[in-house]
Every structure is written in C-alpha cells, then in structure tokens.
Amino acid sequence: MKLDQNQKLFARLAVVAAGMFGFGYALVPFYYQICAAWGVNSLGQVPEAPANTQVDTARRVTIEFDSNAHGLPWRFKPMVNHMEVHPGQVATVEYEVHNERAVAVTAQAVPSYGPALAGEYFKKVECFCFTQQTLAPGETRRLPVVFVIDPKLPKDVNTIAISYTFFEVAGRGGKG
C-alpha cells in the first residue's frame, strides 16, 4: 500500500514539474512579445536613420555653413558655403580642419542655428560634433555632417544658417 501511494505521489509531482517546465519555456517568447509591444528592453537596438520617404520636392531650403575655432590654432572651414536641399532629403556636407599647433589638441564642436527655431528642424544623422576630436600636430582631416531638414519646418523659413565652433577641451591636451 505504501508503494502504491509513493507511485501516485511521484506521478503527480512529475506532472507538476513537467507543467512548470513547459510554462517557463513558454514565457520566453511571451516576454519578447510583451517587450516589443510596450517598447521596453530595447537598449541594444539602434534607431533607424531617417528615410527619404517624406521629401518635399516642391520646396527648397538654402543651408548656409559657417565655422569658427575659438582660441585654437586650427584652420576650420566648410567645403561649401551653402547648398539647397528639399525638406526630407538626406544631405551631406564636409568641413576641413587643420591643426597648426606643434602638439596634439583635443576639441569639441558646438553647433548654433539661425534662426534659433531651425535647430529643432535640423536633424543630424552623423556629425563630428557628437564626439571630441583630437588632431595630431599638423594633421588635416575632413569631417562630415549628414543631415535632414524636417518637412515640418515652417513654410516662411527659406534659409537656415548653421555655425560650428570648436572649443578646446580643457585638460585633455592630445589625449583622445
């Protein structure tokens, strides 16, 4: 009689263990579906670059480029002074920077916009201003800016001026 009870108990516990295993196994895809639906746990995902699906070909905006190197012995200039783009169009401009100092220098570029509200509509996809730049003595480098003008830019804004100013990073010297 005792052996019969033990076998029944074992069978019940085996069914419970198998059910718990199946439930745990089913939670993994369920977890991913919940995370995707709520937009959580997406730290490893890189947002998509803006696509050319919203290009306003009926409108052109002139982008004027300016550059400054505040207190730095750097020559810094855009490769073009201006360009015309359609809102929603992905565009690229390059700047050239040259370190005239005999030592390496680390600096950070800071953008400013005119009119001031334009910064809200000037979407940078790639920009040298995102990171500090270290130039070796006498080094010359080309620095790209990939951007999109948001099609929601107010209709009365036909020209945007963007100016980048490099500031030396205090205490960094040539440490990149």
# chains A, B, ... in the order shown; residues from 1 in each chain; ligands from 1

$ select_by_dssp --residues "chain A" --states "strand (DSSP E or B)" --output "ChimeraX atom specification"
/A:61-70,74-78,82-85,90-99,105-114,122-127,133-135,140-149,159-168

$ closest_residue --among "A:Gln5, A:Thr140, A:Thr165, A:Thr62" --to "Val85 (chain A)" --atoms "only C-alpha atoms"
A:Thr62

$ atom_distance --atom1 "CA of Leu143 (chain A)" --atom2 "CA of Cys129 (chain A)"
9.3 Å

$ residues_around --residues "region 133-136 of chain A" --least-positions-apart "4" --cutoff "10 Å" --atoms "only C-alpha atoms" --output "JSON, numbers by chain"
{"A": [74, 97, 98, 99, 100, 101, 102, 103, 104, 105, 106, 107, 108, 109, 128, 129, 140, 141, 143, 166, 168, 169, 172, 173, 174, 175, 176]}

$ select_by_dssp --residues "chain A" --states "alpha helix (DSSP H)" --output "number ranges by chain"
A: 2-38

$ write_last_selection --atoms "C-alpha atoms" --output "compact mmCIF listing (two decimals), in the first residue's frame"
# COMPACT_ATOMS: atom_id res chain seq x y z
CA LYS A 2 2.80 2.42 0.83
CA LEU A 3 4.50 1.68 -2.51
CA ASP A 4 1.24 2.46 -4.39
CA GLN A 5 0.90 5.86 -2.62
CA ASN A 6 4.50 6.72 -3.38
CA GLN A 7 3.99 5.96 -7.07
CA LYS A 8 0.87 8.16 -7.20
CA LEU A 9 2.70 11.00 -5.43
CA PHE A 10 5.66 10.64 -7.79
CA ALA A 11 3.34 10.74 -10.82
CA ARG A 12 1.61 13.88 -9.52
CA LEU A 13 4.92 15.62 -8.79
CA ALA A 14 6.26 14.61 -12.22
CA VAL A 15 3.19 16.17 -13.90
CA VAL A 16 3.61 19.37 -11.82
CA ALA A 17 7.34 19.55 -12.69
CA ALA A 18 6.63 18.99 -16.41
CA GLY A 19 3.92 21.69 -16.30
CA MET A 20 6.27 24.15 -14.59
CA PHE A 21 8.98 23.45 -17.18
CA GLY A 22 6.52 23.97 -20.05
CA PHE A 23 5.23 27.20 -18.52
CA GLY A 24 8.79 28.53 -18.07
CA TYR A 25 9.68 27.55 -21.62
CA ALA A 26 6.60 29.36 -22.98
CA LEU A 27 7.43 32.56 -21.06
CA VAL A 28 10.47 33.38 -23.23
CA PRO A 29 8.60 34.16 -26.48
CA PHE A 30 5.79 35.71 -24.44
CA TYR A 31 8.34 38.03 -22.74
CA TYR A 32 9.75 39.15 -26.12
CA GLN A 33 6.26 39.88 -27.46
CA ILE A 34 5.35 41.97 -24.40
CA CYS A 35 8.65 43.91 -24.59
CA ALA A 36 8.14 44.60 -28.30
CA ALA A 37 4.55 45.71 -27.76
CA TRP A 38 5.47 48.10 -24.94

$ closest_residue --among "A:Gly88, A:Cys127, A:Leu117, A:Pro111" --to "Asp156 (chain A)" --atoms "only C-alpha atoms"
A:Leu117

$ atom_distance --atom1 "CA of Tyr121 (chain A)" --atom2 "CA of Leu153 (chain A)"
5.9 Å

$ atom_distance --atom1 "CA of Ser163 (chain A)" --atom2 "CA of Ser67 (chain A)"
5.3 Å

$ closest_residue --among "A:Gly114, A:Pro78, A:Pro137, A:Pro73" --to "Ile162 (chain A)" --atoms "only C-alpha atoms"
A:Gly114

$ closest_residue --among "A:Val146, A:Phe167, A:Met83, A:Val90" --to "Ala69 (chain A)" --atoms "only C-alpha atoms"
A:Phe167
